[in-house]
Amino acid sequence: MEEIDNFWEEIKFEIGILGKTYGDIAERKVLVGSGNREGKILFIGDDPDLYQNEDLKVAPSSSGEFLIKLCDIEGIEPENYYITTLAKRDCKFSEFMDEEKEQLKELLNMQIALIKPKIIVALGAEVAENLLGRDVKLGEERGKILEWIGGIKLFITYDVNFVKKSRNEDGKKSRAALEFWNDLKILKQELDKIDG
């Protein structure tokens, strides 16, 4: 266990030294992830509002609060998941230079190896593209479960902030919100299969 904790500390350290060459990224808070490090589900987004600390603390009315509430309603318990982002800082992945993006991908792979999730949920096309190494057509691939590396299932859905905005603008009948809700139902079915 101590060895695993050391790897987590190494990830934090490596993230902390990225972004020092330009802009204000170096001043941004390091946000490695939040939730159960042994969860069966790993949510990966590109939204710094998905969590505020490692204990699933979220800001009121944030995309993180929205995701956790929907998971609670669907019966996806907090002990079943961990949430992280591509940037692992209080910023977006696109704010990094290409070389640093590659380093962040390596750190994400290390994080995945430590968590050993059964299912990875890619929250948005950019996340899915980084995991698959190819273009992703969200309209065609959303809601599908793909086989990924090492027998891990990859589930592609919408970016949570996009869904939240869509729901705020169009109400509960928002197409994106309804489809995202349906995706969480599919995710719960997959989780139930794993739990047997």
# chains A, B, ... in the order shown; residues from 1 in each chain; ligands from 1
call {"tool": "residues_around", "arguments": {"residues": "A:Lys185", "least_positions_apart": "5", "cutoff": "12 Å", "atoms": "only C-alpha atoms", "output": "ChimeraX atom specification"}}
result
/A:70-76,143,157,178-180,190-192
call {"tool": "select_by_dssp", "arguments": {"residues": "stretch 7-158 of chain A", "states": "alpha helix (DSSP H)", "output": "PyMOL selection string"}}
result
chain A and resi 7-17+63-74+98-115+125-132+138-141
call {"tool": "write_last_selection", "arguments": {"atoms": "N, CA and C atoms", "output": "compact mmCIF listing (two decimals), in the first residue's frame"}}
result
# COMPACT_ATOMS: atom_id res chain seq x y z
N PHE A 7 3.46 6.17 -5.56
CA PHE A 7 3.16 6.44 -6.98
C PHE A 7 2.20 7.61 -7.11
N TRP A 8 1.19 7.67 -6.22
CA TRP A 8 0.24 8.79 -6.25
C TRP A 8 0.96 10.10 -5.97
N GLU A 9 1.86 10.08 -5.02
CA GLU A 9 2.62 11.29 -4.70
C GLU A 9 3.50 11.71 -5.88
N GLU A 10 4.03 10.72 -6.59
CA GLU A 10 4.85 11.00 -7.77
C GLU A 10 4.01 11.67 -8.86
N ILE A 11 2.76 11.18 -9.04
CA ILE A 11 1.86 11.79 -10.03
C ILE A 11 1.62 13.25 -9.65
N LYS A 12 1.32 13.50 -8.38
CA LYS A 12 1.10 14.88 -7.92
C LYS A 12 2.31 15.77 -8.18
N PHE A 13 3.48 15.23 -7.87
CA PHE A 13 4.71 16.00 -8.07
C PHE A 13 4.91 16.33 -9.55
N GLU A 14 4.74 15.32 -10.42
CA GLU A 14 4.94 15.52 -11.86
C GLU A 14 3.96 16.54 -12.43
N ILE A 15 2.72 16.49 -11.96
CA ILE A 15 1.73 17.46 -12.43
C ILE A 15 2.12 18.86 -11.97
N GLY A 16 2.63 18.95 -10.75
CA GLY A 16 3.02 20.23 -10.18
C GLY A 16 4.11 20.95 -10.95
N ILE A 17 4.96 20.19 -11.66
CA ILE A 17 6.04 20.86 -12.41
C ILE A 17 5.65 21.18 -13.86
N SER A 63 -20.54 21.29 -12.26
CA SER A 63 -20.74 20.07 -13.05
C SER A 63 -20.45 18.84 -12.18
N GLY A 64 -19.51 18.96 -11.23
CA GLY A 64 -19.23 17.85 -10.33
C GLY A 64 -20.42 17.50 -9.47
N GLU A 65 -21.07 18.52 -8.91
CA GLU A 65 -22.28 18.28 -8.11
C GLU A 65 -23.36 17.62 -8.96
N PHE A 66 -23.51 18.10 -10.19
CA PHE A 66 -24.50 17.56 -11.12
C PHE A 66 -24.23 16.07 -11.38
N LEU A 67 -22.97 15.72 -11.68
CA LEU A 67 -22.62 14.32 -11.95
C LEU A 67 -22.87 13.44 -10.73
N ILE A 68 -22.42 13.87 -9.57
CA ILE A 68 -22.56 13.06 -8.35
C ILE A 68 -24.03 12.86 -8.00
N LYS A 69 -24.85 13.91 -8.15
CA LYS A 69 -26.28 13.78 -7.86
C LYS A 69 -26.93 12.76 -8.79
N LEU A 70 -26.59 12.82 -10.08
CA LEU A 70 -27.17 11.87 -11.03
C LEU A 70 -26.71 10.44 -10.73
N CYS A 71 -25.45 10.29 -10.36
CA CYS A 71 -24.95 8.96 -9.98
C CYS A 71 -25.70 8.44 -8.76
N ASP A 72 -25.92 9.32 -7.76
CA ASP A 72 -26.66 8.93 -6.56
C ASP A 72 -28.07 8.46 -6.92
N ILE A 73 -28.74 9.23 -7.76
CA ILE A 73 -30.11 8.89 -8.16
C ILE A 73 -30.14 7.54 -8.87
N GLU A 74 -29.12 7.29 -9.70
CA GLU A 74 -29.08 6.05 -10.48
C GLU A 74 -28.57 4.87 -9.66
N ASP A 98 1.93 20.91 -26.41
CA ASP A 98 1.85 19.52 -26.88
C ASP A 98 2.73 18.56 -26.07
N GLU A 99 3.95 18.98 -25.79
CA GLU A 99 4.86 18.11 -25.04
C GLU A 99 4.30 17.80 -23.65
N GLU A 100 3.70 18.81 -23.03
CA GLU A 100 3.11 18.61 -21.71
C GLU A 100 1.85 17.76 -21.78
N LYS A 101 1.11 17.89 -22.87
CA LYS A 101 -0.08 17.03 -23.05
C LYS A 101 0.34 15.57 -23.09
N GLU A 102 1.46 15.28 -23.76
CA GLU A 102 1.96 13.90 -23.81
C GLU A 102 2.34 13.41 -22.41
N GLN A 103 2.96 14.29 -21.62
CA GLN A 103 3.30 13.92 -20.25
C GLN A 103 2.05 13.67 -19.42
N LEU A 104 1.03 14.49 -19.63
CA LEU A 104 -0.24 14.30 -18.91
C LEU A 104 -0.90 12.98 -19.29
N LYS A 105 -0.80 12.60 -20.56
CA LYS A 105 -1.35 11.30 -20.99
C LYS A 105 -0.62 10.16 -20.30
N GLU A 106 0.70 10.27 -20.19
CA GLU A 106 1.47 9.24 -19.49
C GLU A 106 1.07 9.15 -18.02
N LEU A 107 0.86 10.29 -17.39
CA LEU A 107 0.43 10.31 -15.99
C LEU A 107 -0.97 9.72 -15.84
N LEU A 108 -1.84 9.98 -16.82
CA LEU A 108 -3.18 9.39 -16.80
C LEU A 108 -3.08 7.87 -16.90
N ASN A 109 -2.22 7.39 -17.79
CA ASN A 109 -2.04 5.94 -17.92
C ASN A 109 -1.53 5.32 -16.62
N MET A 110 -0.64 6.04 -15.93
CA MET A 110 -0.14 5.57 -14.64
C MET A 110 -1.28 5.52 -13.62
N GLN A 111 -2.11 6.54 -13.64
CA GLN A 111 -3.26 6.61 -12.74
C GLN A 111 -4.22 5.45 -13.01
N ILE A 112 -4.48 5.17 -14.28
CA ILE A 112 -5.36 4.06 -14.65
C ILE A 112 -4.79 2.74 -14.14
N ALA A 113 -3.47 2.57 -14.30
CA ALA A 113 -2.81 1.33 -13.83
C ALA A 113 -2.93 1.19 -12.31
N LEU A 114 -2.88 2.29 -11.58
CA LEU A 114 -3.00 2.24 -10.12
C LEU A 114 -4.44 1.95 -9.68
N ILE A 115 -5.41 2.53 -10.36
CA ILE A 115 -6.82 2.36 -9.99
C ILE A 115 -7.35 0.99 -10.41
N ALA A 125 -15.83 14.08 -26.14
CA ALA A 125 -15.06 13.59 -27.28
C ALA A 125 -13.56 13.75 -27.09
N GLU A 126 -13.13 14.87 -26.50
CA GLU A 126 -11.68 15.09 -26.34
C GLU A 126 -11.05 14.01 -25.47
N VAL A 127 -11.73 13.65 -24.40
CA VAL A 127 -11.21 12.58 -23.53
C VAL A 127 -11.15 11.27 -24.30
N ALA A 128 -12.23 10.94 -24.99
CA ALA A 128 -12.28 9.69 -25.76
C ALA A 128 -11.18 9.65 -26.82
N GLU A 129 -10.95 10.76 -27.49
CA GLU A 129 -9.91 10.83 -28.53
C GLU A 129 -8.52 10.61 -27.93
N ASN A 130 -8.29 11.17 -26.75
CA ASN A 130 -6.99 10.98 -26.10
C ASN A 130 -6.79 9.54 -25.66
N LEU A 131 -7.84 8.88 -25.23
CA LEU A 131 -7.73 7.48 -24.80
C LEU A 131 -7.60 6.53 -25.99
N LEU A 132 -8.32 6.83 -27.05
CA LEU A 132 -8.32 5.93 -28.22
C LEU A 132 -7.26 6.28 -29.25
N LEU A 138 -18.84 11.77 -31.57
CA LEU A 138 -19.65 11.58 -30.37
C LEU A 138 -21.07 11.13 -30.71
N GLY A 139 -21.64 11.69 -31.77
CA GLY A 139 -23.00 11.33 -32.18
C GLY A 139 -23.15 9.86 -32.51
N GLU A 140 -22.09 9.24 -33.00
CA GLU A 140 -22.14 7.82 -33.37
C GLU A 140 -21.66 6.89 -32.26
N GLU A 141 -20.72 7.35 -31.45
CA GLU A 141 -20.07 6.45 -30.49
C GLU A 141 -20.55 6.63 -29.05
call {"tool": "residues_around", "arguments": {"residues": "stretch 85-94 of chain A", "least_positions_apart": "6", "cutoff": "6 Å", "atoms": "only C-alpha atoms", "output": "list in words"}}
result
Arg28, Lys29, Val30, Leu31, Val32, Ile44, Gly45, Asp46 and Pro48 of chain A
call {"tool": "residues_around", "arguments": {"residues": "A:Val160", "least_positions_apart": "2", "cutoff": "7 Å", "atoms": "only C-alpha atoms", "output": "ChimeraX atom specification"}}
result
/A:63,67,123,158,162-164
call {"tool": "atom_distance", "arguments": {"atom1": "atom CA of A:Phe155", "atom2": "atom CA of A:Lys188"}}
result
11.6 Å
call {"tool": "residues_around", "arguments": {"residues": "A:Ile83", "least_positions_apart": "3", "cutoff": "7 Å", "atoms": "only C-alpha atoms", "output": "list of chain:residue names"}}
result
A:Gly33, A:Ser34, A:Gly35, A:Leu42, A:Phe43, A:Ile44
call {"tool": "select_by_dssp", "arguments": {"residues": "stretch 2-196 of chain A", "states": "strand (DSSP E)", "output": "ChimeraX atom specification"}}
result
/A:34-35,41-45,81-85,119-123,145-147,153-157
call {"tool": "atom_distance", "arguments": {"atom1": "atom CA of A:Lys116", "atom2": "atom CA of A:Gly150"}}
result
9.5 Å
call {"tool": "atom_distance", "arguments": {"atom1": "atom CA of A:Asn53", "atom2": "atom CA of A:Glu77"}}
result
17.9 Å
